[in-house]
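Okay, final05.cif is below, mmCIF, N, CA and C atoms:
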```cif
data_query
loop_
_atom_site.label_atom_id
_atom_site.label_comp_id
_atom_site.auth_asym_id
_atom_site.auth_seq_id
_atom_site.Cartn_x
_atom_site.Cartn_y
_atom_site.Cartn_z
N MET F 1 151.70 109.79 24.84
CA MET F 1 152.22 110.63 25.91
C MET F 1 152.94 111.86 25.33
N LYS F 2 153.72 111.66 24.27
CA LYS F 2 154.44 112.77 23.67
C LYS F 2 153.48 113.79 23.09
N GLN F 3 152.36 113.32 22.52
CA GLN F 3 151.38 114.24 21.95
C GLN F 3 150.75 115.09 23.06
N GLU F 4 150.46 114.47 24.20
CA GLU F 4 149.90 115.22 25.34
C GLU F 4 150.89 116.28 25.82
N GLN F 5 152.16 115.92 25.89
CA GLN F 5 153.18 116.87 26.32
C GLN F 5 153.31 118.02 25.32
N ALA F 6 153.22 117.70 24.04
CA ALA F 6 153.31 118.74 23.01
C ALA F 6 152.12 119.69 23.11
N GLU F 7 150.94 119.15 23.35
CA GLU F 7 149.75 119.99 23.50
C GLU F 7 149.85 120.85 24.74
N ALA F 8 150.35 120.28 25.83
CA ALA F 8 150.53 121.05 27.06
C ALA F 8 151.53 122.18 26.84
N ARG F 9 152.59 121.92 26.10
CA ARG F 9 153.60 122.93 25.80
C ARG F 9 153.00 124.07 24.98
N LYS F 10 152.11 123.74 24.03
CA LYS F 10 151.45 124.77 23.23
C LYS F 10 150.60 125.69 24.11
N VAL F 11 149.89 125.09 25.06
CA VAL F 11 149.06 125.89 25.96
C VAL F 11 149.94 126.80 26.80
N ILE F 12 151.01 126.28 27.32
CA ILE F 12 151.93 127.08 28.13
C ILE F 12 152.51 128.23 27.30
N ASP F 13 152.88 127.95 26.07
CA ASP F 13 153.42 128.99 25.19
C ASP F 13 152.38 130.08 24.93
N ARG F 14 151.11 129.70 24.76
CA ARG F 14 150.06 130.68 24.46
C ARG F 14 149.77 131.59 25.66
N ILE F 15 149.86 131.05 26.86
CA ILE F 15 149.53 131.87 28.03
C ILE F 15 150.75 132.57 28.64
N GLN F 16 151.91 132.29 28.12
CA GLN F 16 153.14 132.89 28.65
C GLN F 16 153.07 134.41 28.78
N PRO F 17 152.50 135.14 27.78
CA PRO F 17 152.42 136.60 27.94
C PRO F 17 151.58 137.04 29.14
N LEU F 18 150.75 136.16 29.65
CA LEU F 18 149.90 136.51 30.80
C LEU F 18 150.49 136.06 32.14
N ALA F 19 151.66 135.49 32.10
CA ALA F 19 152.25 134.89 33.30
C ALA F 19 152.40 135.87 34.46
N GLY F 20 152.53 137.17 34.18
CA GLY F 20 152.72 138.15 35.24
C GLY F 20 151.42 138.74 35.78
N VAL F 21 150.29 138.32 35.24
CA VAL F 21 149.00 138.86 35.69
C VAL F 21 148.68 138.30 37.08
N PRO F 22 148.40 139.17 38.06
CA PRO F 22 148.09 138.68 39.40
C PRO F 22 146.71 138.01 39.45
N ILE F 23 146.62 136.91 40.16
CA ILE F 23 145.38 136.17 40.36
C ILE F 23 145.21 135.95 41.85
N ASP F 24 144.01 136.23 42.36
CA ASP F 24 143.74 135.96 43.77
C ASP F 24 143.89 134.48 44.05
N PHE F 25 144.70 134.14 45.02
CA PHE F 25 144.95 132.75 45.42
C PHE F 25 144.45 132.61 46.84
N GLU F 26 143.61 131.65 47.08
CA GLU F 26 142.96 131.52 48.39
C GLU F 26 143.08 130.08 48.87
N VAL F 27 143.36 129.94 50.14
CA VAL F 27 143.36 128.64 50.79
C VAL F 27 142.24 128.69 51.82
N ARG F 28 141.23 127.87 51.62
CA ARG F 28 140.03 127.94 52.46
C ARG F 28 139.99 126.75 53.41
N LEU F 29 140.06 127.07 54.68
CA LEU F 29 140.01 126.04 55.71
C LEU F 29 138.60 125.49 55.83
N ASP F 30 137.62 126.36 55.93
CA ASP F 30 136.22 125.95 56.05
C ASP F 30 135.35 127.20 56.06
N GLU F 31 134.07 127.00 56.04
CA GLU F 31 133.10 128.09 56.14
C GLU F 31 132.08 127.71 57.20
N ARG F 32 131.48 128.73 57.78
CA ARG F 32 130.42 128.49 58.74
C ARG F 32 129.46 129.67 58.72
N VAL F 33 128.19 129.37 58.69
CA VAL F 33 127.17 130.41 58.78
C VAL F 33 126.86 130.61 60.25
N MET F 34 126.90 131.88 60.67
CA MET F 34 126.61 132.20 62.07
C MET F 34 125.55 133.29 62.09
N SER F 35 124.75 133.28 63.13
CA SER F 35 123.75 134.34 63.27
C SER F 35 124.45 135.62 63.74
N LEU F 36 123.80 136.72 63.53
CA LEU F 36 124.34 138.00 63.99
C LEU F 36 124.57 137.95 65.50
N ARG F 37 123.67 137.32 66.23
CA ARG F 37 123.82 137.20 67.69
C ARG F 37 125.11 136.47 68.04
N GLU F 38 125.37 135.34 67.35
CA GLU F 38 126.59 134.58 67.62
C GLU F 38 127.83 135.43 67.34
N ILE F 39 127.80 136.18 66.26
CA ILE F 39 128.94 137.02 65.91
C ILE F 39 129.15 138.12 66.94
N LEU F 40 128.07 138.75 67.38
CA LEU F 40 128.18 139.83 68.37
C LEU F 40 128.66 139.31 69.72
N GLU F 41 128.45 138.03 70.01
CA GLU F 41 128.87 137.46 71.29
C GLU F 41 130.33 137.00 71.28
N LEU F 42 130.97 137.04 70.12
CA LEU F 42 132.37 136.60 70.04
C LEU F 42 133.28 137.54 70.83
N GLU F 43 134.23 136.95 71.51
CA GLU F 43 135.23 137.70 72.27
C GLU F 43 136.58 137.05 72.07
N ARG F 44 137.60 137.78 72.43
CA ARG F 44 138.96 137.22 72.35
C ARG F 44 138.99 135.91 73.14
N GLY F 45 139.57 134.89 72.53
CA GLY F 45 139.70 133.59 73.18
C GLY F 45 138.60 132.60 72.81
N HIS F 46 137.49 133.09 72.24
CA HIS F 46 136.44 132.18 71.80
C HIS F 46 136.97 131.30 70.66
N VAL F 47 136.48 130.10 70.60
CA VAL F 47 136.84 129.16 69.54
C VAL F 47 135.62 128.94 68.66
N ILE F 48 135.78 129.11 67.36
CA ILE F 48 134.70 128.86 66.42
C ILE F 48 134.88 127.45 65.88
N ARG F 49 133.92 126.60 66.18
CA ARG F 49 134.00 125.20 65.74
C ARG F 49 133.64 125.11 64.26
N LEU F 50 134.46 124.38 63.52
CA LEU F 50 134.24 124.17 62.10
C LEU F 50 133.81 122.73 61.84
N ARG F 51 133.35 122.47 60.62
CA ARG F 51 132.85 121.14 60.28
C ARG F 51 133.96 120.16 59.91
N ARG F 52 135.05 120.65 59.41
CA ARG F 52 136.11 119.76 58.94
C ARG F 52 136.85 119.14 60.11
N SER F 53 137.30 117.93 59.88
CA SER F 53 138.08 117.22 60.90
C SER F 53 139.54 117.67 60.84
N ALA F 54 140.22 117.57 61.96
CA ALA F 54 141.66 117.87 61.97
C ALA F 54 142.34 116.90 61.00
N GLY F 55 143.23 117.41 60.18
CA GLY F 55 143.93 116.58 59.22
C GLY F 55 143.22 116.43 57.89
N GLU F 56 141.99 116.92 57.79
CA GLU F 56 141.26 116.83 56.53
C GLU F 56 141.81 117.84 55.54
N ASN F 57 141.79 117.50 54.25
CA ASN F 57 142.30 118.41 53.23
C ASN F 57 141.51 119.71 53.21
N ILE F 58 142.19 120.78 52.82
CA ILE F 58 141.55 122.08 52.69
C ILE F 58 141.50 122.46 51.20
N ASP F 59 140.64 123.41 50.87
CA ASP F 59 140.44 123.80 49.47
C ASP F 59 141.46 124.84 49.04
N ILE F 60 141.91 124.73 47.80
CA ILE F 60 142.80 125.72 47.19
C ILE F 60 142.05 126.31 46.00
N LEU F 61 141.91 127.64 46.00
CA LEU F 61 141.17 128.32 44.94
C LEU F 61 142.06 129.35 44.26
N ALA F 62 141.84 129.53 42.96
CA ALA F 62 142.52 130.58 42.19
C ALA F 62 141.44 131.33 41.44
N GLY F 63 141.39 132.63 41.67
CA GLY F 63 140.35 133.43 41.02
C GLY F 63 138.96 132.98 41.40
N GLY F 64 138.80 132.43 42.61
CA GLY F 64 137.49 131.98 43.08
C GLY F 64 137.09 130.59 42.61
N THR F 65 137.94 129.94 41.82
CA THR F 65 137.65 128.61 41.29
C THR F 65 138.46 127.56 42.03
N LEU F 66 137.81 126.50 42.48
CA LEU F 66 138.50 125.41 43.16
C LEU F 66 139.45 124.73 42.18
N ILE F 67 140.74 124.72 42.52
CA ILE F 67 141.72 124.12 41.62
C ILE F 67 142.44 122.93 42.25
N GLY F 68 142.23 122.70 43.53
CA GLY F 68 142.91 121.58 44.17
C GLY F 68 142.65 121.54 45.65
N SER F 69 143.39 120.68 46.31
CA SER F 69 143.27 120.57 47.76
C SER F 69 144.66 120.33 48.35
N GLY F 70 144.76 120.53 49.65
CA GLY F 70 146.04 120.37 50.30
C GLY F 70 145.89 120.17 51.79
N GLU F 71 147.03 120.04 52.44
CA GLU F 71 147.03 119.86 53.89
C GLU F 71 147.89 120.93 54.53
N VAL F 72 147.48 121.37 55.70
CA VAL F 72 148.22 122.39 56.43
C VAL F 72 149.51 121.78 56.98
N VAL F 73 150.61 122.50 56.80
CA VAL F 73 151.90 122.07 57.33
C VAL F 73 152.54 123.23 58.09
N VAL F 74 153.38 122.90 59.04
CA VAL F 74 154.11 123.90 59.81
C VAL F 74 155.52 123.96 59.26
N ILE F 75 155.96 125.18 58.93
CA ILE F 75 157.31 125.41 58.40
C ILE F 75 157.98 126.40 59.34
N GLU F 76 158.82 125.87 60.22
CA GLU F 76 159.47 126.67 61.26
C GLU F 76 158.39 127.38 62.08
N ASP F 77 158.27 128.71 61.97
CA ASP F 77 157.28 129.42 62.79
C ASP F 77 156.11 129.95 61.95
N THR F 78 155.94 129.41 60.74
CA THR F 78 154.82 129.80 59.89
C THR F 78 154.06 128.55 59.44
N ILE F 79 152.92 128.78 58.79
CA ILE F 79 152.18 127.65 58.25
C ILE F 79 152.17 127.73 56.73
N GLY F 80 151.96 126.61 56.10
CA GLY F 80 151.87 126.54 54.66
C GLY F 80 150.87 125.47 54.27
N VAL F 81 150.76 125.23 52.98
CA VAL F 81 149.85 124.20 52.47
C VAL F 81 150.62 123.30 51.52
N ARG F 82 150.59 122.01 51.80
CA ARG F 82 151.18 121.02 50.90
C ARG F 82 150.08 120.59 49.94
N ILE F 83 150.31 120.76 48.64
CA ILE F 83 149.30 120.41 47.65
C ILE F 83 149.22 118.89 47.56
N THR F 84 148.00 118.36 47.73
CA THR F 84 147.79 116.92 47.67
C THR F 84 147.04 116.52 46.41
N ASP F 85 146.36 117.48 45.77
CA ASP F 85 145.59 117.17 44.58
C ASP F 85 145.40 118.45 43.76
N PHE F 86 145.60 118.33 42.46
CA PHE F 86 145.34 119.43 41.54
C PHE F 86 144.26 118.97 40.57
N ARG F 87 143.25 119.78 40.39
CA ARG F 87 142.22 119.45 39.40
C ARG F 87 142.74 119.81 38.03
N GLU F 88 142.63 118.88 37.10
CA GLU F 88 143.09 119.17 35.74
C GLU F 88 141.99 119.79 34.91
N GLU F 89 140.73 119.53 35.25
CA GLU F 89 139.61 120.12 34.53
C GLU F 89 138.85 121.01 35.49
N HIS F 90 138.48 122.19 35.03
CA HIS F 90 137.78 123.15 35.89
C HIS F 90 136.42 123.40 35.32
#
```

Translate this structure into structure tokens?
Amino acid sequence: MKQEQAEARKVIDRIQPLAGVPIDFEVRLDERVMSLREILELERGHVIRLRRSAGENIDILAGGTLIGSGEVVVIEDTIGVRITDFREEH
């Protein structure tokens, strides 16, 4: 365990100079392919049905790469994502 921690510390030390580099962070609820006709028929108040079930984990991506999953949470009058899983290998 100590060797793993030491190796992790080495990695953190090596990337420290890059810590301020901005990376696109994305939380993806779901995707859906729609025809142009369906898109043109959309109006205020329409609901777009997605494949995921309510309460199902959503994807967390960094730089376009899936890095984990989480669940939507309500924080006062905003929403957030509680991380439920982080991928260690990408």

As an exercise, work out the distance from CA of Val73 (chain F) to atom C of Arg51 (chain F) in Å and give it to one decimal place.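 If I compute the distance from CA of Val73 (chain F) to atom C of Arg51 (chain F), I get 18.2 Å.
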
Here CA of Asp59 (chain F) and CA of Arg9 (chain F) stand apart by 27.1 Å

Given the PyMOL selection byres ((chain F and resi 31) around 8), the residues it picks as a PyMOL selection string: chain F and resi 28-30+32-34+49-52

Translate the PyMOL selection byres (((chain F and resi 57 and name CA) around 12) and name CA) into a concrete residue list for this structure, as a ChimeraX atom specification. /F:27-30,52-56,58-60,68-73,81-85

Keeping only N, CA and C atoms, write the selected residues to a file as a PDB file, in the coordinates of the input.
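Output (selection.pdb):
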```pdb
ATOM      1  N   VAL F  27     143.360 129.940  50.140  1.00  0.00           N
ATOM      2  CA  VAL F  27     143.360 128.640  50.790  1.00  0.00           C
ATOM      3  C   VAL F  27     142.240 128.690  51.820  1.00  0.00           C
ATOM      4  N   ARG F  28     141.230 127.870  51.620  1.00  0.00           N
ATOM      5  CA  ARG F  28     140.030 127.940  52.460  1.00  0.00           C
ATOM      6  C   ARG F  28     139.990 126.750  53.410  1.00  0.00           C
ATOM      7  N   LEU F  29     140.060 127.070  54.680  1.00  0.00           N
ATOM      8  CA  LEU F  29     140.010 126.040  55.710  1.00  0.00           C
ATOM      9  C   LEU F  29     138.600 125.490  55.830  1.00  0.00           C
ATOM     10  N   ASP F  30     137.620 126.360  55.930  1.00  0.00           N
ATOM     11  CA  ASP F  30     136.220 125.950  56.050  1.00  0.00           C
ATOM     12  C   ASP F  30     135.350 127.200  56.060  1.00  0.00           C
ATOM     13  N   ARG F  52     135.050 120.650  59.410  1.00  0.00           N
ATOM     14  CA  ARG F  52     136.110 119.760  58.940  1.00  0.00           C
ATOM     15  C   ARG F  52     136.850 119.140  60.110  1.00  0.00           C
ATOM     16  N   SER F  53     137.300 117.930  59.880  1.00  0.00           N
ATOM     17  CA  SER F  53     138.080 117.220  60.900  1.00  0.00           C
ATOM     18  C   SER F  53     139.540 117.670  60.840  1.00  0.00           C
ATOM     19  N   ALA F  54     140.220 117.570  61.960  1.00  0.00           N
ATOM     20  CA  ALA F  54     141.660 117.870  61.970  1.00  0.00           C
ATOM     21  C   ALA F  54     142.340 116.900  61.000  1.00  0.00           C
ATOM     22  N   GLY F  55     143.230 117.410  60.180  1.00  0.00           N
ATOM     23  CA  GLY F  55     143.930 116.580  59.220  1.00  0.00           C
ATOM     24  C   GLY F  55     143.220 116.430  57.890  1.00  0.00           C
ATOM     25  N   GLU F  56     141.990 116.920  57.790  1.00  0.00           N
ATOM     26  CA  GLU F  56     141.260 116.830  56.530  1.00  0.00           C
ATOM     27  C   GLU F  56     141.810 117.840  55.540  1.00  0.00           C
ATOM     28  N   ILE F  58     142.190 120.780  52.820  1.00  0.00           N
ATOM     29  CA  ILE F  58     141.550 122.080  52.690  1.00  0.00           C
ATOM     30  C   ILE F  58     141.500 122.460  51.200  1.00  0.00           C
ATOM     31  N   ASP F  59     140.640 123.410  50.870  1.00  0.00           N
ATOM     32  CA  ASP F  59     140.440 123.800  49.470  1.00  0.00           C
ATOM     33  C   ASP F  59     141.460 124.840  49.040  1.00  0.00           C
ATOM     34  N   ILE F  60     141.910 124.730  47.800  1.00  0.00           N
ATOM     35  CA  ILE F  60     142.800 125.720  47.190  1.00  0.00           C
ATOM     36  C   ILE F  60     142.050 126.310  46.000  1.00  0.00           C
ATOM     37  N   GLY F  68     142.230 122.700  43.530  1.00  0.00           N
ATOM     38  CA  GLY F  68     142.910 121.580  44.170  1.00  0.00           C
ATOM     39  C   GLY F  68     142.650 121.540  45.650  1.00  0.00           C
ATOM     40  N   SER F  69     143.390 120.680  46.310  1.00  0.00           N
ATOM     41  CA  SER F  69     143.270 120.570  47.760  1.00  0.00           C
ATOM     42  C   SER F  69     144.660 120.330  48.350  1.00  0.00           C
ATOM     43  N   GLY F  70     144.760 120.530  49.650  1.00  0.00           N
ATOM     44  CA  GLY F  70     146.040 120.370  50.300  1.00  0.00           C
ATOM     45  C   GLY F  70     145.890 120.170  51.790  1.00  0.00           C
ATOM     46  N   GLU F  71     147.030 120.040  52.440  1.00  0.00           N
ATOM     47  CA  GLU F  71     147.030 119.860  53.890  1.00  0.00           C
ATOM     48  C   GLU F  71     147.890 120.930  54.530  1.00  0.00           C
ATOM     49  N   VAL F  72     147.480 121.370  55.700  1.00  0.00           N
ATOM     50  CA  VAL F  72     148.220 122.390  56.430  1.00  0.00           C
ATOM     51  C   VAL F  72     149.510 121.780  56.980  1.00  0.00           C
ATOM     52  N   VAL F  73     150.610 122.500  56.800  1.00  0.00           N
ATOM     53  CA  VAL F  73     151.900 122.070  57.330  1.00  0.00           C
ATOM     54  C   VAL F  73     152.540 123.230  58.090  1.00  0.00           C
ATOM     55  N   VAL F  81     150.760 125.230  52.980  1.00  0.00           N
ATOM     56  CA  VAL F  81     149.850 124.200  52.470  1.00  0.00           C
ATOM     57  C   VAL F  81     150.620 123.300  51.520  1.00  0.00           C
ATOM     58  N   ARG F  82     150.590 122.010  51.800  1.00  0.00           N
ATOM     59  CA  ARG F  82     151.180 121.020  50.900  1.00  0.00           C
ATOM     60  C   ARG F  82     150.080 120.590  49.940  1.00  0.00           C
ATOM     61  N   ILE F  83     150.310 120.760  48.640  1.00  0.00           N
ATOM     62  CA  ILE F  83     149.300 120.410  47.650  1.00  0.00           C
ATOM     63  C   ILE F  83     149.220 118.890  47.560  1.00  0.00           C
ATOM     64  N   THR F  84     148.000 118.360  47.730  1.00  0.00           N
ATOM     65  CA  THR F  84     147.790 116.920  47.670  1.00  0.00           C
ATOM     66  C   THR F  84     147.040 116.520  46.410  1.00  0.00           C
ATOM     67  N   ASP F  85     146.360 117.480  45.770  1.00  0.00           N
ATOM     68  CA  ASP F  85     145.590 117.170  44.580  1.00  0.00           C
ATOM     69  C   ASP F  85     145.400 118.450  43.760  1.00  0.00           C
TER      70      ASP F  85
END
```

What is the distance, in Å and to one decimal place, between CA of Leu61 (chain F) and atom N of Glu88 (chain F)?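 Rounded to one decimal, the two atoms are 12.4 Å apart.
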
Among listed residues F:His46, F:Gln5, F:Glu26, F:Leu36, nearest Thr65 (chain F) (using all atoms listed in the file):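 Closest to Thr65 (chain F) of all the choices is F:Glu26.
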
Residue with smallest distance to Arg87 (chain F) - pool F:Val11, F:Val74, F:Ile48, F:Ile67, counting all atoms listed in the file: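 Of all the options, F:Ile67 lies closest to Arg87 (chain F).
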
Secondary structure check, alpha helix (DSSP H) residues of chain F, as a PyMOL selection string: chain F and resi 2-15+36-40

Selected residue, from F:Val47, F:Leu42, F:Leu66, F:Ala6, that lies nearest to Phe86 (chain F) when counting only C-alpha atoms: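 Using only C-alpha atoms, Phe86 (chain F) sits closest to F:Leu66.
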